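File shown: query.txt. Contents: compact mmCIF, C-alpha atoms.
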# COMPACT_ATOMS: atom_id res chain seq x y z
CA MET E 1 24.28 1.75 -15.88
CA ALA E 2 22.99 3.81 -12.96
CA GLU E 3 23.38 2.35 -9.51
CA ASP E 4 20.28 0.50 -8.29
CA ARG E 5 18.70 2.03 -5.21
CA GLU E 6 16.72 0.05 -2.65
CA GLY E 7 13.33 -0.90 -4.09
CA ASP E 8 14.35 -0.11 -7.69
CA GLU E 9 14.18 -2.70 -10.45
CA PRO E 10 17.62 -3.50 -11.90
CA ARG E 11 17.78 -2.76 -15.61
CA SER E 12 18.76 -6.32 -16.42
CA ALA E 13 16.00 -7.90 -14.32
CA ALA E 14 12.97 -9.63 -15.77
CA ALA E 15 9.80 -7.57 -15.91
CA PRO E 16 7.93 -7.64 -12.58
CA LEU E 17 4.38 -8.89 -11.99
CA ALA E 18 4.85 -11.83 -14.33
CA GLN E 19 2.23 -13.71 -12.29
CA GLY E 20 -0.48 -11.19 -13.25
CA ASP E 21 -2.32 -10.59 -16.51
CA ARG E 22 0.28 -10.25 -19.26
CA ILE E 23 0.05 -8.49 -22.62
CA ARG E 24 2.75 -8.38 -25.29
CA THR E 25 2.01 -6.59 -28.55
CA ARG E 26 3.53 -4.44 -31.29
CA ASP E 27 0.20 -3.06 -32.44
CA VAL E 28 -0.53 0.52 -31.31
CA ASP E 29 -4.32 0.13 -31.35
CA GLU E 30 -4.22 -3.11 -29.35
CA ALA E 31 -1.85 -1.56 -26.83
CA ARG E 32 -4.14 1.45 -26.42
CA GLU E 33 -7.18 -0.76 -25.95
CA GLN E 34 -5.58 -3.13 -23.43
CA VAL E 35 -4.01 -0.38 -21.30
CA ALA E 36 -7.29 1.57 -21.36
CA ARG E 37 -9.06 -1.41 -19.80
CA ALA E 38 -6.81 -1.15 -16.76
CA PHE E 39 -6.79 2.66 -16.56
CA CYS E 40 -8.92 4.86 -18.82
CA ALA E 41 -9.38 5.92 -22.44
CA HIS E 42 -6.39 7.83 -23.80
CA GLN E 43 -4.53 8.91 -26.91
CA LEU E 44 -1.35 6.95 -27.67
CA LEU E 45 1.05 8.24 -30.31
CA PRO E 46 4.46 6.71 -31.17
CA LEU E 47 7.12 9.39 -31.71
CA ASN E 48 10.43 9.73 -33.55
CA GLY E 49 9.19 7.87 -36.61
CA HIS E 50 8.11 4.71 -34.79
CA ARG E 51 5.23 2.98 -36.60
CA SER E 52 4.90 0.18 -34.09
CA LEU E 53 5.67 -0.47 -30.46
CA ASP E 54 7.02 -3.34 -28.40
CA VAL E 55 4.60 -3.23 -25.47
CA ARG E 56 4.90 -5.32 -22.32
CA PHE E 57 2.04 -4.77 -19.88
CA HIS E 58 1.57 -6.81 -16.69
CA SER E 59 -1.40 -6.02 -14.49
CA VAL E 60 -2.76 -7.11 -11.10
CA ARG E 61 -5.82 -5.58 -9.44
CA LEU E 62 -6.28 -6.17 -5.70
CA GLY E 63 -9.48 -4.48 -4.59
CA GLN E 64 -8.89 -0.75 -4.17
CA VAL E 65 -5.27 -0.91 -5.35
CA GLY E 66 -3.58 -2.29 -8.43
CA LEU E 67 0.00 -2.90 -9.51
CA HIS E 68 1.06 -2.57 -13.13
CA TYR E 69 4.26 -2.87 -15.14
CA LEU E 70 4.23 -1.01 -18.44
CA ASP E 71 6.94 -0.64 -21.09
CA TYR E 72 6.04 0.73 -24.53
CA GLY E 73 9.42 -0.14 -26.04
CA ALA E 74 9.54 3.18 -27.88
CA GLU E 75 9.10 6.90 -27.27
CA VAL E 76 5.39 7.73 -27.00
CA ARG E 77 3.01 10.55 -26.21
CA ILE E 78 0.12 9.59 -23.90
CA ALA E 79 -2.85 11.89 -23.35
CA PRO E 80 -5.60 10.54 -21.07
CA LYS E 81 -6.87 14.07 -20.34
CA GLN E 82 -8.17 13.49 -16.77
CA LEU E 83 -7.92 10.31 -14.71
CA GLU E 84 -11.08 11.32 -12.77
CA ASP E 85 -11.70 8.43 -10.38
CA PHE E 86 -8.22 7.12 -9.54
CA PHE E 87 -4.69 8.16 -8.58
CA LEU E 88 -1.56 6.83 -10.29
CA ILE E 89 1.90 6.74 -8.80
CA GLN E 90 4.21 6.18 -11.77
CA MET E 91 7.72 4.99 -10.86
CA PRO E 92 10.24 4.71 -13.71
CA LEU E 93 12.49 1.67 -13.46
CA ASP E 94 14.77 3.11 -16.14
CA GLY E 95 14.91 6.05 -18.54
CA CYS E 96 12.79 9.16 -18.07
CA ALA E 97 9.45 10.73 -18.92
CA GLU E 98 8.05 14.24 -19.09
CA ILE E 99 4.79 14.55 -17.15
CA THR E 100 2.54 17.60 -17.45
CA CYS E 101 -0.51 17.86 -15.19
CA GLY E 102 -2.47 21.10 -15.27
CA ASN E 103 0.10 23.89 -15.06
CA ASP E 104 2.79 21.70 -13.47
CA SER E 105 5.49 19.68 -15.21
CA VAL E 106 8.18 17.31 -13.98
CA ILE E 107 10.91 15.17 -15.52
CA SER E 108 10.34 11.75 -14.00
CA ASP E 109 13.13 9.19 -13.65
CA ARG E 110 14.35 6.61 -11.13
CA ALA E 111 14.77 9.36 -8.53
CA VAL E 112 11.50 11.18 -9.20
CA ALA E 113 8.14 9.43 -9.53
CA SER E 114 4.99 11.24 -10.65
CA VAL E 115 1.63 11.58 -8.89
CA PRO E 116 -0.77 13.39 -11.26
CA ASP E 117 -4.03 14.77 -9.89
CA PRO E 118 -7.13 12.97 -11.17
CA ASP E 119 -9.07 16.17 -11.89
CA ARG E 120 -6.46 17.98 -13.99
CA GLU E 121 -5.53 17.54 -17.64
CA LEU E 122 -2.67 15.09 -18.05
CA VAL E 123 -0.22 14.72 -20.96
CA MET E 124 2.86 12.49 -20.81
CA ARG E 125 5.86 11.84 -23.01
CA TRP E 126 7.61 8.58 -22.14
CA GLY E 127 11.10 8.10 -23.53
CA GLU E 128 12.30 4.96 -25.23
CA GLY E 129 13.59 2.50 -22.64
CA ASN E 130 11.29 3.87 -19.93
CA PRO E 131 9.54 0.92 -18.22
CA GLN E 132 7.46 1.99 -15.24
CA LEU E 133 5.99 0.34 -12.16
CA ILE E 134 2.59 1.93 -11.59
CA LEU E 135 0.46 1.84 -8.46
CA TRP E 136 -3.25 2.41 -9.14
CA ILE E 137 -5.37 3.66 -6.20
CA ASP E 138 -9.11 4.15 -6.16
CA ARG E 139 -9.70 7.87 -5.59
CA GLN E 140 -12.77 7.52 -3.38
CA ALA E 141 -11.02 4.93 -1.19
CA LEU E 142 -7.97 7.15 -0.67
CA GLU E 143 -10.01 10.27 0.05
CA THR E 144 -12.21 8.33 2.48
CA HIS E 145 -9.06 7.11 4.22
CA LEU E 146 -7.77 10.69 4.41
CA SER E 147 -11.07 11.87 5.89
CA LYS E 148 -10.80 9.23 8.62
CA MET E 149 -7.23 10.25 9.36
CA LEU E 150 -8.35 13.85 9.79
CA GLY E 151 -11.51 12.97 11.70
CA GLN E 152 -13.65 15.20 9.49
CA PRO E 153 -15.02 15.40 5.93
CA LEU E 154 -12.79 16.78 3.19
CA THR E 155 -13.49 20.34 2.15
CA ARG E 156 -11.69 20.11 -1.20
CA PRO E 157 -10.34 17.38 -3.49
CA LEU E 158 -7.05 15.74 -2.53
CA ARG E 159 -4.13 16.96 -4.63
CA PHE E 160 -0.50 15.83 -4.40
CA ASP E 161 2.68 17.54 -5.54
CA LEU E 162 3.34 16.19 -9.02
CA GLY E 163 6.92 15.07 -8.38
CA MET E 164 7.67 12.42 -5.75
CA ASP E 165 11.25 12.45 -4.46
CA MET E 166 12.12 8.75 -4.20
CA THR E 167 15.27 9.52 -2.19
CA GLN E 168 13.35 10.94 0.79
CA GLN E 169 13.26 8.59 3.80
CA ALA E 170 9.47 8.73 4.24
CA VAL E 171 8.95 7.94 0.56
CA ARG E 172 11.50 5.11 0.70
CA SER E 173 9.54 3.63 3.62
CA TRP E 174 6.36 3.83 1.57
CA ARG E 175 8.12 2.23 -1.40
CA ARG E 176 9.08 -0.74 0.77
CA VAL E 177 5.38 -1.40 1.37
CA VAL E 178 4.85 -1.35 -2.41
CA GLU E 179 7.73 -3.80 -2.76
CA LEU E 180 6.18 -6.11 -0.17
CA LEU E 181 2.98 -6.23 -2.20
CA ARG E 182 4.89 -6.76 -5.43
CA HIS E 183 6.91 -9.58 -3.86
CA GLU E 184 3.75 -11.32 -2.67
CA VAL E 185 2.23 -11.07 -6.15
CA ASN E 186 5.40 -12.23 -7.90
CA THR E 187 5.88 -15.24 -5.64
CA GLY E 188 2.24 -16.27 -5.35
CA GLY E 189 2.23 -15.40 -1.65
CA ALA E 190 -0.76 -15.85 0.63
CA LEU E 191 -1.12 -12.19 1.59
CA PRO E 192 -3.30 -11.05 -1.36
CA SER E 193 -5.86 -13.77 -0.56
CA GLU E 194 -6.15 -12.89 3.15
CA PRO E 195 -8.70 -10.04 3.64
CA LEU E 196 -7.36 -9.00 7.04
CA ALA E 197 -3.76 -8.93 5.84
CA MET E 198 -4.64 -7.01 2.66
CA THR E 199 -6.59 -4.45 4.68
CA GLU E 200 -3.54 -3.89 6.88
CA LEU E 201 -1.29 -3.55 3.84
CA GLN E 202 -3.66 -1.16 2.08
CA ARG E 203 -3.88 0.94 5.26
CA LEU E 204 -0.09 1.21 5.29
CA LEU E 205 0.03 2.11 1.60
CA PHE E 206 -2.58 4.85 1.99
CA SER E 207 -1.37 6.30 5.30
CA GLN E 208 2.30 6.39 4.38
CA LEU E 209 1.54 7.88 0.97
CA LEU E 210 -0.55 10.67 2.52
CA LEU E 211 2.10 11.41 5.14
CA ALA E 212 5.13 11.08 2.86
CA GLN E 213 4.07 12.85 -0.34
CA PRO E 214 3.31 16.59 0.05
CA ASN E 215 -0.34 17.39 -0.62
CA ASN E 216 -2.94 20.05 0.13
CA TYR E 217 -3.82 18.32 3.44
CA SER E 218 -0.24 17.84 4.69
CA ALA E 219 -0.44 20.71 7.20
CA ALA E 220 -3.58 19.25 8.78
CA LEU E 221 -2.14 15.73 8.84
CA HIS E 222 1.01 16.87 10.66
CA ARG E 223 -0.69 19.32 13.04
CA GLU E 224 -0.30 18.61 16.75
CA PRO E 225 -3.49 16.91 18.02
CA THR E 226 -5.51 17.97 21.03
CA THR E 227 -5.37 15.58 23.97
CA SER E 228 -8.28 13.12 24.17
CA ALA E 229 -10.27 12.31 27.27
CA PRO E 230 -9.52 8.93 28.94
CA LYS E 231 -13.15 7.78 28.52
CA VAL E 232 -12.88 8.07 24.75
CA ILE E 233 -9.57 6.20 24.75
CA ARG E 234 -11.04 3.41 26.90
CA ARG E 235 -13.88 3.09 24.42
CA ALA E 236 -11.39 2.86 21.58
CA ALA E 237 -9.48 0.12 23.44
CA GLU E 238 -12.73 -1.80 23.99
CA LEU E 239 -13.56 -1.48 20.31
CA ILE E 240 -10.18 -2.99 19.42
CA GLU E 241 -10.78 -5.91 21.78
CA GLU E 242 -14.25 -6.52 20.33
CA HIS E 243 -13.26 -6.31 16.67
CA ALA E 244 -9.67 -7.61 16.61
CA ALA E 245 -10.66 -10.45 14.26
CA GLU E 246 -11.90 -7.96 11.65
CA PRO E 247 -9.94 -5.87 9.10
CA LEU E 248 -9.63 -3.03 11.61
CA THR E 249 -7.60 0.09 10.85
CA VAL E 250 -6.60 3.05 12.99
CA GLU E 251 -8.85 5.17 10.79
CA ASP E 252 -11.82 2.90 11.55
CA ILE E 253 -11.16 3.20 15.29
CA ALA E 254 -10.80 6.98 15.17
CA GLU E 255 -14.01 7.36 13.17
CA ALA E 256 -15.94 5.08 15.54
CA VAL E 257 -15.05 7.17 18.62
CA GLY E 258 -15.28 10.55 16.90
CA LEU E 259 -11.59 11.51 16.90
CA SER E 260 -8.99 12.33 14.28
CA VAL E 261 -6.27 9.73 13.82
CA ARG E 262 -3.70 12.09 15.31
CA ALA E 263 -5.86 12.76 18.39
CA LEU E 264 -6.45 9.04 18.87
CA GLN E 265 -2.74 8.30 18.63
CA GLU E 266 -1.91 11.07 21.12
CA GLY E 267 -4.55 9.77 23.53
CA PHE E 268 -3.17 6.22 23.41
CA ARG E 269 0.37 7.51 23.88
CA ARG E 270 -0.56 9.67 26.87
CA PHE E 271 -2.98 7.38 28.70
CA LEU E 272 -1.96 3.86 27.64
CA ASP E 273 1.70 4.43 26.75
CA THR E 274 1.26 2.74 23.38
CA THR E 275 -0.28 3.31 19.95
CA PRO E 276 -3.63 2.04 18.65
CA MET E 277 -1.89 -0.35 16.24
CA ASN E 278 0.49 -1.65 18.91
CA TYR E 279 -2.50 -2.22 21.16
CA LEU E 280 -4.23 -4.09 18.34
CA ARG E 281 -1.09 -6.14 17.74
CA GLU E 282 -0.97 -7.09 21.42
CA VAL E 283 -4.59 -8.23 21.32
CA ARG E 284 -3.97 -10.25 18.16
CA LEU E 285 -0.82 -11.83 19.60
CA ARG E 286 -2.89 -13.04 22.56
CA ARG E 287 -5.57 -14.38 20.21
CA VAL E 288 -2.96 -16.23 18.13
CA ARG E 289 -1.52 -17.76 21.29
CA ALA E 290 -4.96 -18.84 22.50
CA GLU E 291 -5.64 -20.48 19.12
CA LEU E 292 -2.28 -22.27 19.04
CA GLU E 293 -2.76 -23.58 22.59
CA VAL E 294 -5.86 -25.54 21.57
CA SER E 295 -4.87 -26.54 18.03
CA ASP E 296 -3.64 -29.86 16.70
CA PRO E 297 0.04 -29.40 15.73
CA THR E 298 -0.30 -32.04 13.02
CA GLN E 299 -3.12 -30.08 11.36
CA THR E 300 -2.12 -26.46 12.06
CA ASN E 301 0.28 -24.16 10.24
CA VAL E 302 1.62 -21.32 12.41
CA THR E 303 2.12 -18.98 9.46
CA GLU E 304 -1.47 -19.44 8.31
CA VAL E 305 -2.79 -18.69 11.80
CA ALA E 306 -0.61 -15.58 12.03
CA MET E 307 -1.67 -14.38 8.59
CA ARG E 308 -5.32 -14.88 9.49
CA TRP E 309 -4.82 -12.51 12.43
CA GLY E 310 -3.21 -9.84 10.25
CA PHE E 311 0.52 -10.53 10.73
CA LEU E 312 2.02 -9.96 7.27
CA HIS E 313 5.65 -10.92 7.86
CA ALA E 314 6.24 -14.41 9.28
CA GLY E 315 9.75 -13.69 10.54
CA ARG E 316 8.79 -10.44 12.24
CA PHE E 317 5.73 -12.09 13.78
CA SER E 318 7.88 -14.86 15.24
CA VAL E 319 10.24 -12.32 16.83
CA GLN E 320 7.33 -10.34 18.29
CA TYR E 321 5.69 -13.50 19.60
CA ARG E 322 8.84 -14.77 21.28
CA LYS E 323 9.55 -11.38 22.84
CA ARG E 324 6.01 -11.21 24.21
CA PHE E 325 5.58 -14.79 25.47
CA GLY E 326 9.13 -16.07 25.94
CA GLU E 327 8.76 -18.94 23.48
CA THR E 328 8.30 -19.49 19.77
CA PRO E 329 4.83 -19.97 18.25
CA SER E 330 5.76 -23.53 17.26
CA THR E 331 6.67 -24.29 20.88
CA THR E 332 3.24 -23.10 21.98
CA LEU E 333 1.63 -25.25 19.30
CA ARG E 334 3.63 -28.38 20.18
CA GLY E 335 2.72 -27.92 23.82
CA SER E 336 -1.00 -27.91 23.06
CA PRO E 337 -2.87 -29.71 25.87
CA ARG E 338 -5.31 -30.95 23.25
CA ILE E 339 -2.57 -33.28 21.99
CA VAL E 340 -0.16 -33.96 24.86
CA GLY E 341 -2.52 -33.51 27.75
CA SER E 342 -0.57 -31.10 29.92
CA ARG E 343 2.51 -28.94 29.57
CA ASN E 344 3.68 -30.11 32.94
CA GLY E 345 2.77 -33.68 32.21

In C-alpha cells, write the structure found in this file.
Amino acid sequence: MAEDREGDEPRSAAAPLAQGDRIRTRDVDEAREQVARAFCAHQLLPLNGHRSLDVRFHSVRLGQVGLHYLDYGAEVRIAPKQLEDFFLIQMPLDGCAEITCGNDSVISDRAVASVPDPDRELVMRWGEGNPQLILWIDRQALETHLSKMLGQPLTRPLRFDLGMDMTQQAVRSWRRVVELLRHEVNTGGALPSEPLAMTELQRLLFSQLLLAQPNNYSAALHREPTTSAPKVIRRAAELIEEHAAEPLTVEDIAEAVGLSVRALQEGFRRFLDTTPMNYLREVRLRRVRAELEVSDPTQTNVTEVAMRWGFLHAGRFSVQYRKRFGETPSTTLRGSPRIVGSRNG
C-alpha cells in the first residue's frame, strides 16, 4: 500500500461524501445515465472483458461547485468529448488513469490529478481500482472570478495544464480547502447552509486553484501590480465597512473600485499595512463583538454568530478574537449588559 499523503483518502477508508446523493449499480447503462446527470452525456465502455461494473457514485452540488466520489469498480473507457460549460479536477484516491485532452495526455494517480479543458476533446481510461474524488466547477463562475482578479475582461478562454502536481505546496494548500468542504459535507456541518461562509470558501477554492495550477493567465496573475492611489484604497475600505455583512470577496471589491486584485492588494499593503481580506476580517470581528455584547447568552450560540459573519473555522475564529480583544467570545457574551446589567457591576 502506498503511503497516504495529507488530504488523500486511505485505501481502506469508506467512500467519502456518504451524506450526499448515493448510487450503487452494476448496470452499465444505469451508471452512464446517472453519472451523465451530474456531468454530461458520455460514452462508457467496460474493458478487459468486463460485462458489468460495480459503480459507487456519491454526489453533492453546492451552487457553483460540486463534490463527487466515483468508482467504476472495473477498467473503463470514458469519452464525454467536450465538457463545454464546466471544469473538472479529478483526483485519484487509488490506482491510475490515462487522461487525453486535445493533444495532451497525462497518467493520473495519487500524485497527479487532471484538469481537462472544457473546450477540448476528452477521452479517459480509468484503471480497475481507481476511485476518484472530483471537484466540479461552473466554467462561467470561474472565468468571471478570474476576470475580477485581473481587473479586466478575459481575451481568451481559460485553459489549465492538464496534469496537476499534488505534491506542490500551493496545490496542497488548495487541496486543504477541498478537504474542508468535504469534511463539512461528510459531517453535516453548518458551512454549506451559510451563504456568507460558502461564498468565502468558494472564493478560496477559485483563487487558490487559479494561482496554484499553471494556466494561460498565470503570468498576468503573478505580475507585479502598479501602486494604487490612496483615494481608491480609501473607497475600497469604505466599501468593506458598508458591505461587511454580505458575501463580499476581494474580487468584488477590486471590481467595484476599478482595480485588479493584485493592484488592490498592493494598495492595501502600502497604504493601510494590511490586506483587503484582513481588513474585512477586522471589520467582521468588531461586528461579531458588537452582536455578542447585546445578545442573551442563554439564547445565543457563539459559533453560529461567527459563521453568520463568515468565519469558517470555530477554533481559528476564537484565537483571532482573543488576540484582537483580549478575551474569548464566550466571555464577551456572558458579560452582556443586556443580561447582567454592567460589566463593572

* To do: Compute the distance from (3.0, 16.4, -3.6) to each atom, counting all atoms listed in the file, keep the residues with any atom at most 12 Å away, and return them as a list in words; use the coordinates of the file.
  =>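 In the file's frame, the residues around the point are Ile89, Asp104, Val106, Val112, Ala113, Ser114, Val115, Pro116, Asp117, Leu158, Arg159, Phe160, Asp161, Leu162, Gly163, Met164, Asp165, Met166, Val171, Leu209, Leu210, Leu211, Ala212, Gln213, Pro214, Asn215, Asn216, Tyr217 and Ser218 of chain E.
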
For the selection just defined, write its residues with C-alpha atoms to a file, as a PDB file, keeping the file's coordinate frame.
ATOM      1  CA  ILE E  89       1.900   6.740  -8.800  1.00  0.00           C
ATOM      2  CA  ASP E 104       2.790  21.700 -13.470  1.00  0.00           C
ATOM      3  CA  VAL E 106       8.180  17.310 -13.980  1.00  0.00           C
ATOM      4  CA  VAL E 112      11.500  11.180  -9.200  1.00  0.00           C
ATOM      5  CA  ALA E 113       8.140   9.430  -9.530  1.00  0.00           C
ATOM      6  CA  SER E 114       4.990  11.240 -10.650  1.00  0.00           C
ATOM      7  CA  VAL E 115       1.630  11.580  -8.890  1.00  0.00           C
ATOM      8  CA  PRO E 116      -0.770  13.390 -11.260  1.00  0.00           C
ATOM      9  CA  ASP E 117      -4.030  14.770  -9.890  1.00  0.00           C
ATOM     10  CA  LEU E 158      -7.050  15.740  -2.530  1.00  0.00           C
ATOM     11  CA  ARG E 159      -4.130  16.960  -4.630  1.00  0.00           C
ATOM     12  CA  PHE E 160      -0.500  15.830  -4.400  1.00  0.00           C
ATOM     13  CA  ASP E 161       2.680  17.540  -5.540  1.00  0.00           C
ATOM     14  CA  LEU E 162       3.340  16.190  -9.020  1.00  0.00           C
ATOM     15  CA  GLY E 163       6.920  15.070  -8.380  1.00  0.00           C
ATOM     16  CA  MET E 164       7.670  12.420  -5.750  1.00  0.00           C
ATOM     17  CA  ASP E 165      11.250  12.450  -4.460  1.00  0.00           C
ATOM     18  CA  MET E 166      12.120   8.750  -4.200  1.00  0.00           C
ATOM     19  CA  VAL E 171       8.950   7.940   0.560  1.00  0.00           C
ATOM     20  CA  LEU E 209       1.540   7.880   0.970  1.00  0.00           C
ATOM     21  CA  LEU E 210      -0.550  10.670   2.520  1.00  0.00           C
ATOM     22  CA  LEU E 211       2.100  11.410   5.140  1.00  0.00           C
ATOM     23  CA  ALA E 212       5.130  11.080   2.860  1.00  0.00           C
ATOM     24  CA  GLN E 213       4.070  12.850  -0.340  1.00  0.00           C
ATOM     25  CA  PRO E 214       3.310  16.590   0.050  1.00  0.00           C
ATOM     26  CA  ASN E 215      -0.340  17.390  -0.620  1.00  0.00           C
ATOM     27  CA  ASN E 216      -2.940  20.050   0.130  1.00  0.00           C
ATOM     28  CA  TYR E 217      -3.820  18.320   3.440  1.00  0.00           C
ATOM     29  CA  SER E 218      -0.240  17.840   4.690  1.00  0.00           C
TER      30      SER E 218
END

* Structure fact -> Ser173 (chain E) proximity check over E:Ala38, E:Val261, E:Leu204, E:Ile253, using all atoms listed in the file: winner is E:Leu204

* In Å to one decimal, how far is CA of Pro276 (chain E) from CA of His145 (chain E)? -> 16.2 Å

* **Nearest to Thr274 (chain E) by atom-to-atom distance, counting only C-alpha atoms, from E:Ile233, E:Ala306, E:Ala141, E:Leu17** =>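 Smallest separation from Thr274 (chain E) among the options: E:Ile233.
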
* Shortest interatomic distance to Arg284 (chain E) - which of E:Gly63, E:Pro247, E:Gly267, E:Pro230, counting only C-alpha atoms -> E:Pro247

* Asked: CA of Glu33 (chain E) and CA of Ala79 (chain E), how far apart in Å?
  ->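 Straight-line distance from CA of Ala79 (chain E) to CA of Glu33 (chain E) works out to 13.6 Å.
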
* E:Glu255, E:Glu194, E:Glu293, E:Glu75: which is nearest Leu150 (chain E), counting all atoms listed in the file? ->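 Of E:Glu255, E:Glu194, E:Glu293, E:Glu75, the one nearest Leu150 (chain E), counting all atoms listed in the file, is E:Glu255.
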
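Note that CA of Gly66 (chain E) and CA of Gln202 (chain E) are 10.6 Å apart.
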